[in-house]
Each structure stands twice: as C-alpha cells, then as structure tokens.
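Colleague: Next up is a structure, given as structure tokens.
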Amino acid sequence: MGQDSTKGRKVTIFDFVVKMPIHKFDLINLDQNPNLKSQIEELSKLSWPEFLLHGDVRHWSSLFNIFSGYQIAFVAEQYKVIAVGHTVPFIWDGSTDDLPENLDILMNRAVQDCNTIKKPNCLSALAVVIHPDYRKENLSARMIEAMIDLGKEHGIENLLAPLRPTLKSKYPEMPFDEYINMQTRNGELFDPWIRVHLRMGAEVLKIMRESIKVIGTVSEWEEWTGMKFPDSGQYLIEGGMQPLIIDKEKNHGVYTEPNLWVRHTIA
Ligand SMILES: CC(C)(COP(=O)(O)OP(=O)(O)OC[C@H]1O[C@@H](n2cnc3c(N)ncnc32)[C@H](O)[C@@H]1OP(=O)(O)O)[C@@H](O)C(=O)NCCC(=O)NCCS
C-alpha cells in the first residue's frame with residue numbers, strides 16, 4: 001500500500017504544489033484481483049445514470065473475464081476501489097475510417113482480435129470512473145497516465161478513447177459538434193473531460209456519432225428516469241446528453257449519444 005501514484009515519470013515541484021492527489025493508493029489490475037469486480041460494479045452504478053447501464057454493448061461482461069488484465073484500478077487502504085479504468089486492446093490500421101462506429105462494434109472487434117495471431121497495436125479506453133468521495137483530486141489524469149503505462153507494458157502504440165464529455169448533459173439540446181468546441185472566457189475548452197485529455201497531449205480524431213443506443217419500453221424508461229412520459233415526443237432526462245425519444249404507439253423509448261474519438265500516442 002502507499003505506492004507513489006506518480007511512479008514511472010519525472011515528478012516536478014508543480015506536481016507537489018497543485019497536482020498531487022491527497023490520497024495514497026496502489027495501482028492494480030483486475031486479473032490479479034478478481035474479487036474487486038463487485039466493488040467496480042457498485043462504483044459504476046453510483047456514477048452513471050441508470051439508463052446507461054441498459055445499453056446495447058453486448059460484450060461488456062468480457063471486461064471481467066477475457067480482458068480482466070486490461071481493467072485497472074486505484075485502491076486505497078483495505079482494498080477500497082477509488083478509481084477504475086476500463087480498456088480493451090484491438091487492431092487498428094491508423095485511419096479514422098477504421099475506428100469502430102460504436103461501443104458494441106469496438107468490443108466485438110476486441111473479442112475477435114484476441115483470437116487472431118496478430119498482436120493488437122492499440123488500446124481503447126472505455127471509461128474512467130472516480131469514486132465520488134475522491135473526485136476533484138486530479139485522479140482522472142492519473143488514470144489516463146496509468147492506461148498509457150498499461151499500453152507501454154503491452155508494447156502498444158496508441159491509446160484511443162471515445163470520450164463522453166462530462167458536462168454535455170447540462171446542454172442536452174446543443175448540437176454535439178457545437179458543444180465540443182465551446183470555450184471558456186479564457187480560451188480553454190469548456191468541457192473538462194476533453195480538456196484533461198487534450199492537455200495530456202491527445203489529438204482529436206473524429207466524432208463517434210452513435211456510441212451507445214438504449215432501447216426500452218415506456219415503463220422501463222419511467223423506472224430508469226423516475227419520470228412520466230404521457231405522450232410521444234422528445235424528453236430531456238437527467239444525465240442524458242441528448243433528448244430521449246418516446247413512441248407511445250410502439251411502446252418504446254430510444255436514446256443515443258455521440259462520443260469524441262481522441263488518440264494519445266504512446267512513446
Ligand atoms: C469525469 C471524472 C472521471 C473526472 O474525475 P474527477 O476526479 O472528478 O476530476 P479531476 O479532479 O481529475 O479534474 C479533471 C477536470 O475536471 C474538472 N472538474 C471536475 N469536476 C467538475 C465539475 N463537477 N464541474 C466542472 N468541472 C469539473 C476539474 O476542474 C479538472 O479540470 P481542470 O484541470 O481544467 O481544472 C469523474 O467526475 C467521474 O468519474 N465521473 C463519472 C464517470 C464519467 O463521467 N467518466 C468520464 C467519461 S468516461
């Protein structure tokens with residue numbers, strides 16, 4: 001316990017004054033610590049809007065078996081999981097056309113690629129989740145660094161990430177393309193999650209137009225959101241980056257959201 005979270009790179013005075021996380025933690029992967037799965041699932045439930053746990057990503061459970069070595073976590077005392085980083089390796093030809101169109105295709109491709117003899121040349125981040133009690137301590141950047149180190153260990157050249165901009169849900173009616181370019185008064189990008197990645201050297205590749213699709217009956221949507229949907233139409237839902245579309249006749253609701261592909265080059 002108590003490993004320095006900055007291990008593996010040069011530490012500057014700036015780190016100690018501004019950037020050092022308050023808590024000490026160890027970096028582990030799920031392959032060595034499979035018993036942490038339930039804590040990771042609990043953390044997901046705490047951190048995502050309920051409806052996102054019902055998306056169309058078929059191979060998500062493979063993170064906990066085939067890809068357990070690619071799931072990393074920061075654990076504090078008594079093996080408390082304070083942050084999680086989900087990644088999968090796959091083969092990418094380096095072109096934007098070859099980027100998977102959604103998370104389901106991405107996961108499916110990772111599963112197919114692990115059955116070929118060709119070695120994956122890229123790692124895709126799927127999610128970073130920081131425990132609510134440990135947020136605003138700069139741990140998200142530490143997790144991205146840990147993902148880059150994981151890629152290095154596997155001789156991988158790129159860390160890709162389809163980003164879910166964290167504050168887009170506060171502007172659900174603004175077009176995604178407009179939102180991702182929105183700036184603060186001092187000229188920084190408005191969205192903190194995109195900002196963190198770009199500050200760490202990531203480059204923007206392209207928009208993943210429909211990263212996830214969530215389809216449910218009207219009553220399922222009412223349960224997931226705690227709202228009522230009396231008529232067909234568009235509804236703003238808490239945590240939704242775009243409106244939910246309800247069709248009463250078909251008795252279903254459909255929600256989709258875009259992500260932004262970025263790439264970190266692993267030296
Ligand atoms: C998004 C998340 C990973 C960020 O981690 P964090 O520990 O809260 O944030 P950090 O302390 O590392 O700060 C990262 C940046 O976000 C900003 N930030 C953090 N919380 C914020 C908030 N509620 N509102 C506005 N900005 C915020 C910080 O100021 C910082 O930006 P800056 O360095 O330019 O000032 C975390 O909030 C989380 O787990 N959220 C739920 C899951 C999620 O959305 N994951 C990201 C998509 S995969």
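As shown in the structure tokens, the chain order sets the letters A, B, ...; within each chain, residues go from 1, and ligands are also counted from 1 in the order they appear.
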With only C-alpha atoms and all ligand atoms counted, collect every polymer residue having an atom within 9 Å of ligand 1; state the result as an NGL selection string.

Modeller: :A and (21 or 43-44 or 46-48 or 83-86 or 125-132 or 134-143 or 161-167 or 188-196 or 199)

Colleague: Output N, CA and C atoms of each residue in that selection to a file, as a CSV table (one decimal), in the first residue's frame.

Modeller:
```csv
chain,number,residue,atom,x,y,z
A,21,PRO,N,-2.4,14.0,-5.8
A,21,PRO,CA,-3.6,13.6,-5.1
A,21,PRO,C,-3.5,13.6,-3.6
A,43,LEU,N,-19.4,0.9,-8.1
A,43,LEU,CA,-19.0,2.2,-8.5
A,43,LEU,C,-19.6,2.7,-9.8
A,44,SER,N,-19.8,1.7,-10.7
A,44,SER,CA,-20.5,2.1,-12.0
A,44,SER,C,-21.9,2.5,-11.7
A,46,LEU,N,-23.1,3.8,-9.1
A,46,LEU,CA,-23.0,5.1,-8.4
A,46,LEU,C,-22.8,6.3,-9.4
A,47,SER,N,-22.1,5.9,-10.5
A,47,SER,CA,-21.5,7.0,-11.3
A,47,SER,C,-22.2,7.3,-12.6
A,48,TRP,N,-23.0,6.3,-13.1
A,48,TRP,CA,-23.7,6.5,-14.4
A,48,TRP,C,-25.2,6.7,-14.2
A,83,ALA,N,-10.9,4.4,-7.9
A,83,ALA,CA,-10.9,4.8,-9.3
A,83,ALA,C,-10.8,3.5,-10.2
A,84,VAL,N,-11.4,3.6,-11.3
A,84,VAL,CA,-11.4,2.4,-12.3
A,84,VAL,C,-11.1,2.9,-13.7
A,85,GLY,N,-10.3,2.2,-14.4
A,85,GLY,CA,-10.1,2.5,-15.8
A,85,GLY,C,-10.3,1.2,-16.6
A,86,HIS,N,-11.3,1.3,-17.5
A,86,HIS,CA,-11.6,0.2,-18.4
A,86,HIS,C,-11.0,0.4,-19.8
A,125,ALA,N,-9.5,3.1,-24.4
A,125,ALA,CA,-10.2,3.4,-23.1
A,125,ALA,C,-11.7,3.3,-23.4
A,126,LEU,N,-12.4,2.8,-22.4
A,126,LEU,CA,-13.8,2.7,-22.5
A,126,LEU,C,-14.5,3.6,-21.4
A,127,ALA,N,-13.9,3.7,-20.3
A,127,ALA,CA,-14.4,4.6,-19.2
A,127,ALA,C,-13.4,4.8,-18.1
A,128,VAL,N,-13.4,6.0,-17.6
A,128,VAL,CA,-12.7,6.2,-16.3
A,128,VAL,C,-13.7,6.7,-15.3
A,129,VAL,N,-13.7,6.0,-14.2
A,129,VAL,CA,-14.7,6.4,-13.1
A,129,VAL,C,-13.9,6.6,-11.8
A,130,ILE,N,-14.2,7.8,-11.2
A,130,ILE,CA,-13.5,8.1,-10.0
A,130,ILE,C,-14.6,8.0,-8.9
A,131,HIS,N,-14.3,7.4,-7.8
A,131,HIS,CA,-15.3,7.3,-6.7
A,131,HIS,C,-15.7,8.7,-6.3
A,132,PRO,N,-17.0,9.0,-6.1
A,132,PRO,CA,-17.5,10.3,-5.7
A,132,PRO,C,-16.7,11.0,-4.6
A,134,TYR,N,-13.7,10.8,-4.0
A,134,TYR,CA,-12.3,11.1,-4.3
A,134,TYR,C,-12.2,12.0,-5.6
A,135,ARG,N,-13.3,12.6,-6.0
A,135,ARG,CA,-13.3,13.4,-7.2
A,135,ARG,C,-12.6,14.8,-6.9
A,136,LYS,N,-12.3,15.5,-8.0
A,136,LYS,CA,-11.6,16.8,-7.9
A,136,LYS,C,-10.3,16.7,-7.2
A,137,GLU,N,-9.6,15.6,-7.3
A,137,GLU,CA,-8.2,15.5,-6.8
A,137,GLU,C,-7.2,15.1,-7.9
A,138,ASN,N,-7.7,15.4,-9.2
A,138,ASN,CA,-6.9,15.2,-10.3
A,138,ASN,C,-6.6,13.7,-10.6
A,139,LEU,N,-7.4,12.8,-10.0
A,139,LEU,CA,-7.1,11.4,-10.2
A,139,LEU,C,-7.5,10.9,-11.7
A,140,SER,N,-8.3,11.7,-12.4
A,140,SER,CA,-8.7,11.3,-13.7
A,140,SER,C,-7.5,11.3,-14.6
A,141,ALA,N,-6.6,12.3,-14.5
A,141,ALA,CA,-5.4,12.4,-15.3
A,141,ALA,C,-4.4,11.3,-14.9
A,142,ARG,N,-4.4,11.0,-13.6
A,142,ARG,CA,-3.5,9.9,-13.2
A,142,ARG,C,-4.0,8.5,-13.8
A,143,MET,N,-5.3,8.4,-13.9
A,143,MET,CA,-5.8,7.1,-14.5
A,143,MET,C,-5.4,7.1,-16.0
A,161,ALA,N,-9.5,6.8,-27.2
A,161,ALA,CA,-10.6,7.0,-26.3
A,161,ALA,C,-11.8,7.6,-26.9
A,162,PRO,N,-12.9,6.9,-26.9
A,162,PRO,CA,-14.2,7.6,-27.3
A,162,PRO,C,-14.7,8.3,-26.1
A,163,LEU,N,-14.5,9.6,-26.1
A,163,LEU,CA,-14.8,10.4,-24.8
A,163,LEU,C,-16.3,10.7,-24.7
A,164,ARG,N,-16.8,10.6,-23.5
A,164,ARG,CA,-18.2,11.0,-23.2
A,164,ARG,C,-18.0,12.4,-22.4
A,165,PRO,N,-18.2,13.5,-23.1
A,165,PRO,CA,-17.9,14.8,-22.5
A,165,PRO,C,-18.8,14.9,-21.2
A,166,THR,N,-18.1,15.2,-20.1
A,166,THR,CA,-18.9,15.1,-18.8
A,166,THR,C,-20.0,16.1,-18.6
A,167,LEU,N,-19.8,17.3,-19.2
A,167,LEU,CA,-20.8,18.3,-18.9
A,167,LEU,C,-21.8,18.5,-20.1
A,188,GLU,N,-10.0,28.3,-22.9
A,188,GLU,CA,-9.8,26.9,-22.8
A,188,GLU,C,-11.1,26.2,-23.3
A,189,LEU,N,-11.0,24.9,-23.6
A,189,LEU,CA,-12.2,24.2,-24.0
A,189,LEU,C,-13.1,24.1,-22.8
A,190,PHE,N,-14.4,24.2,-23.0
A,190,PHE,CA,-15.3,24.2,-21.9
A,190,PHE,C,-15.4,22.9,-21.2
A,191,ASP,N,-15.5,21.8,-22.0
A,191,ASP,CA,-15.7,20.5,-21.3
A,191,ASP,C,-14.5,20.0,-20.6
A,192,PRO,N,-14.6,19.8,-19.3
A,192,PRO,CA,-13.4,19.4,-18.5
A,192,PRO,C,-12.8,18.1,-18.9
A,193,TRP,N,-13.6,17.1,-19.4
A,193,TRP,CA,-13.0,15.8,-19.7
A,193,TRP,C,-12.2,15.8,-21.0
A,194,ILE,N,-12.8,16.6,-22.0
A,194,ILE,CA,-12.0,16.7,-23.2
A,194,ILE,C,-10.7,17.5,-22.9
A,195,ARG,N,-10.9,18.6,-22.1
A,195,ARG,CA,-9.7,19.4,-21.7
A,195,ARG,C,-8.6,18.6,-21.1
A,196,VAL,N,-9.0,17.7,-20.2
A,196,VAL,CA,-7.9,16.9,-19.5
A,196,VAL,C,-7.2,16.1,-20.5
A,199,ARG,N,-5.0,18.4,-22.8
A,199,ARG,CA,-3.8,18.9,-22.1
A,199,ARG,C,-2.7,17.8,-21.9
```

Colleague: Quick one: residues within 8 Å of Met208 (chain A), only C-alpha atoms, excluding same-chain residues fewer than 3 positions away - as a list in words?

Modeller: Glu101, Asn102, Pro162, Ser211, Pro258, Asn259, Leu260 and Trp261 of chain A

Colleague: Restrict the selected residues to N, CA and C atoms and save them as an mmCIF file, in the first residue's frame.

Modeller:
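Now in result_26.cif:
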```cif
data_model
loop_
_atom_site.group_PDB
_atom_site.id
_atom_site.type_symbol
_atom_site.label_atom_id
_atom_site.label_comp_id
_atom_site.auth_asym_id
_atom_site.auth_seq_id
_atom_site.Cartn_x
_atom_site.Cartn_y
_atom_site.Cartn_z
ATOM 1 N N GLU A 101 -17.527 2.142 -35.157
ATOM 2 C CA GLU A 101 -18.620 3.127 -35.217
ATOM 3 C C GLU A 101 -19.386 3.288 -33.918
ATOM 4 N N ASN A 102 -19.298 2.284 -33.069
ATOM 5 C CA ASN A 102 -19.956 2.410 -31.770
ATOM 6 C C ASN A 102 -19.272 1.474 -30.772
ATOM 7 N N PRO A 162 -12.939 6.928 -26.920
ATOM 8 C CA PRO A 162 -14.176 7.607 -27.347
ATOM 9 C C PRO A 162 -14.734 8.338 -26.122
ATOM 10 N N SER A 211 -22.472 6.270 -30.098
ATOM 11 C CA SER A 211 -21.624 5.339 -29.342
ATOM 12 C C SER A 211 -22.444 4.241 -28.674
ATOM 13 N N PRO A 258 -23.555 10.620 -28.850
ATOM 14 C CA PRO A 258 -22.268 10.582 -29.533
ATOM 15 C C PRO A 258 -21.105 10.630 -28.543
ATOM 16 N N ASN A 259 -19.935 10.248 -28.992
ATOM 17 C CA ASN A 259 -18.684 10.402 -28.227
ATOM 18 C C ASN A 259 -17.665 11.065 -29.147
ATOM 19 N N LEU A 260 -16.532 11.406 -28.589
ATOM 20 C CA LEU A 260 -15.477 12.038 -29.390
ATOM 21 C C LEU A 260 -14.209 11.183 -29.325
ATOM 22 N N TRP A 261 -13.784 10.679 -30.500
ATOM 23 C CA TRP A 261 -12.570 9.853 -30.537
ATOM 24 C C TRP A 261 -11.332 10.736 -30.386
#
```

Colleague: Please list as a PDB file with N, CA and C atoms, in the first residue's frame every residue within 10 Å of Gly226 (chain A), counting only C-alpha atoms and excluding residues in the same chain fewer than 4 positions away.

Modeller:
```pdb
ATOM      1  N   SER A 219     -42.486   1.932 -19.858  1.00  0.00           N
ATOM      2  CA  SER A 219     -42.435   1.763 -18.392  1.00  0.00           C
ATOM      3  C   SER A 219     -41.003   1.533 -17.911  1.00  0.00           C
ATOM      4  N   GLU A 220     -40.174   0.886 -18.718  1.00  0.00           N
ATOM      5  CA  GLU A 220     -38.759   0.755 -18.309  1.00  0.00           C
ATOM      6  C   GLU A 220     -38.110   2.135 -18.210  1.00  0.00           C
ATOM      7  N   TRP A 221     -38.396   2.975 -19.215  1.00  0.00           N
ATOM      8  CA  TRP A 221     -37.821   4.321 -19.178  1.00  0.00           C
ATOM      9  C   TRP A 221     -38.337   5.106 -17.976  1.00  0.00           C
ATOM     10  N   GLU A 222     -39.609   4.884 -17.636  1.00  0.00           N
ATOM     11  CA  GLU A 222     -40.152   5.595 -16.472  1.00  0.00           C
ATOM     12  C   GLU A 222     -39.420   5.143 -15.203  1.00  0.00           C
ATOM     13  N   ILE A 237     -33.811  14.167 -20.163  1.00  0.00           N
ATOM     14  CA  ILE A 237     -33.714  13.291 -18.995  1.00  0.00           C
ATOM     15  C   ILE A 237     -32.411  13.591 -18.258  1.00  0.00           C
ATOM     16  N   GLU A 238     -32.417  13.411 -16.939  1.00  0.00           N
ATOM     17  CA  GLU A 238     -31.228  13.733 -16.155  1.00  0.00           C
ATOM     18  C   GLU A 238     -30.058  12.834 -16.571  1.00  0.00           C
TER      19      GLU A 238
END
```

Colleague: If DSSP is run on the backbone, what residues of region 121-239 of chain A are alpha helix (DSSP H)? A reply as a ChimeraX atom specification would be ideal.

Modeller: /A:139-153,176-181,192-199,218-225

Colleague: May I ask which of the residues A:Leu27, A:Ile91, A:Asp133, A:Glu41 is the closest one to Leu53 (chain A), counting only C-alpha atoms?

Modeller: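 Closest candidate: A:Glu41.
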
Colleague: Between CA of Ser124 (chain A) and CA of Gln183 (chain A), what is the distance, to one decimal in Å?

Modeller: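 For CA of Ser124 (chain A) relative to CA of Gln183 (chain A), the distance reads 26.4 Å.
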
Colleague: Of the candidates A:Ala146, A:Met182, A:Val218, A:Leu123, which one gets nearest to Val262 (chain A) if we count only C-alpha atoms?

Modeller: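 For Val262 (chain A), the nearest of the given residues is A:Leu123.
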
Colleague: Set the distance at 10 Å and use only C-alpha atoms: which residues neighbour Val81 (chain A) once local chain neighbours fewer than 4 positions away are removed? I'd like the list as a CSV table (one decimal) with N, CA and C atoms, in the first residue's frame.

Modeller:
```
chain,number,residue,atom,x,y,z
A,25,PHE,N,-2.5,5.6,-2.9
A,25,PHE,CA,-3.2,4.4,-3.4
A,25,PHE,C,-2.3,3.5,-4.2
A,26,ASP,N,-2.7,2.3,-4.4
A,26,ASP,CA,-2.0,1.4,-5.2
A,26,ASP,C,-2.7,1.2,-6.6
A,27,LEU,N,-1.9,0.9,-7.6
A,27,LEU,CA,-2.4,0.6,-8.9
A,27,LEU,C,-2.5,-0.9,-9.1
A,28,ILE,N,-3.6,-1.5,-9.4
A,28,ILE,CA,-3.8,-2.9,-9.5
A,28,ILE,C,-4.5,-3.2,-10.8
A,36,LEU,N,-12.3,-7.9,-6.8
A,36,LEU,CA,-12.7,-6.4,-6.8
A,36,LEU,C,-13.9,-6.1,-7.7
A,37,LYS,N,-14.3,-7.2,-8.5
A,37,LYS,CA,-15.3,-6.9,-9.5
A,37,LYS,C,-16.6,-6.3,-8.9
A,39,GLN,N,-17.0,-4.4,-6.3
A,39,GLN,CA,-16.8,-3.0,-5.9
A,39,GLN,C,-16.8,-2.1,-7.2
A,40,ILE,N,-16.2,-2.7,-8.3
A,40,ILE,CA,-16.2,-1.9,-9.5
A,40,ILE,C,-17.6,-1.8,-10.1
A,42,GLU,N,-20.4,-1.7,-8.3
A,42,GLU,CA,-21.1,-0.8,-7.4
A,42,GLU,C,-20.7,0.6,-7.8
A,43,LEU,N,-19.4,0.9,-8.1
A,43,LEU,CA,-19.0,2.2,-8.5
A,43,LEU,C,-19.6,2.7,-9.8
A,73,ALA,N,-7.3,-0.4,-11.6
A,73,ALA,CA,-8.0,0.4,-10.5
A,73,ALA,C,-7.0,0.9,-9.6
A,74,PHE,N,-7.3,2.0,-8.9
A,74,PHE,CA,-6.6,2.6,-7.8
A,74,PHE,C,-7.3,2.1,-6.6
A,75,VAL,N,-6.5,1.5,-5.7
A,75,VAL,CA,-7.1,1.0,-4.4
A,75,VAL,C,-6.4,1.7,-3.2
A,76,ALA,N,-7.3,2.2,-2.3
A,76,ALA,CA,-6.7,2.8,-1.1
A,76,ALA,C,-6.7,1.8,0.0
A,77,GLU,N,-6.6,2.2,1.2
A,77,GLU,CA,-6.5,1.2,2.3
A,77,GLU,C,-7.6,0.3,2.3
A,130,ILE,N,-14.2,7.8,-11.2
A,130,ILE,CA,-13.5,8.1,-10.0
A,130,ILE,C,-14.6,8.0,-8.9
A,131,HIS,N,-14.3,7.4,-7.8
A,131,HIS,CA,-15.3,7.3,-6.7
A,131,HIS,C,-15.7,8.7,-6.3
```

Colleague: What does the structure give for the distance between CA of Glu157 (chain A) and CA of Phe176 (chain A), in Å to one decimal?

Modeller: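 That distance, rounded to one decimal, is 28.7 Å.
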
Colleague: Measuring atom to atom with only C-alpha atoms, identify which of A:Glu173, A:Glu153, A:Asp113, A:Glu249 is nearest to Ala267 (chain A).

Modeller: A:Glu153

Colleague: DSSP says strand (DSSP E) for which residues of region 51-145 of chain A? Put them as a ChimeraX atom specification?

Modeller: /A:71-76,80-90,122-130

Colleague: Write out as a list in words each polymer residue whose atoms come within 8 Å of Thr96 (chain A), counting only C-alpha atoms; drop sequence neighbours fewer than 3 positions from it.

Modeller: Leu99, Leu205 and Lys206 of chain A

Colleague: Name all residues at most 7 Å from His264 (chain A) (count only C-alpha atoms; drop same-chain ones fewer than 3 positions away) and give them as a list in words.

Modeller: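 Result of the neighbour search: Asn158, Leu159, Leu160, Gly201, Ala202 and Glu203 of chain A.
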
Colleague: What is the CA of Met200 (chain A) to CA of Asp98 (chain A) distance in Å?

Modeller: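 About the pair CA of Met200 (chain A) and CA of Asp98 (chain A): they are 23.8 Å apart.
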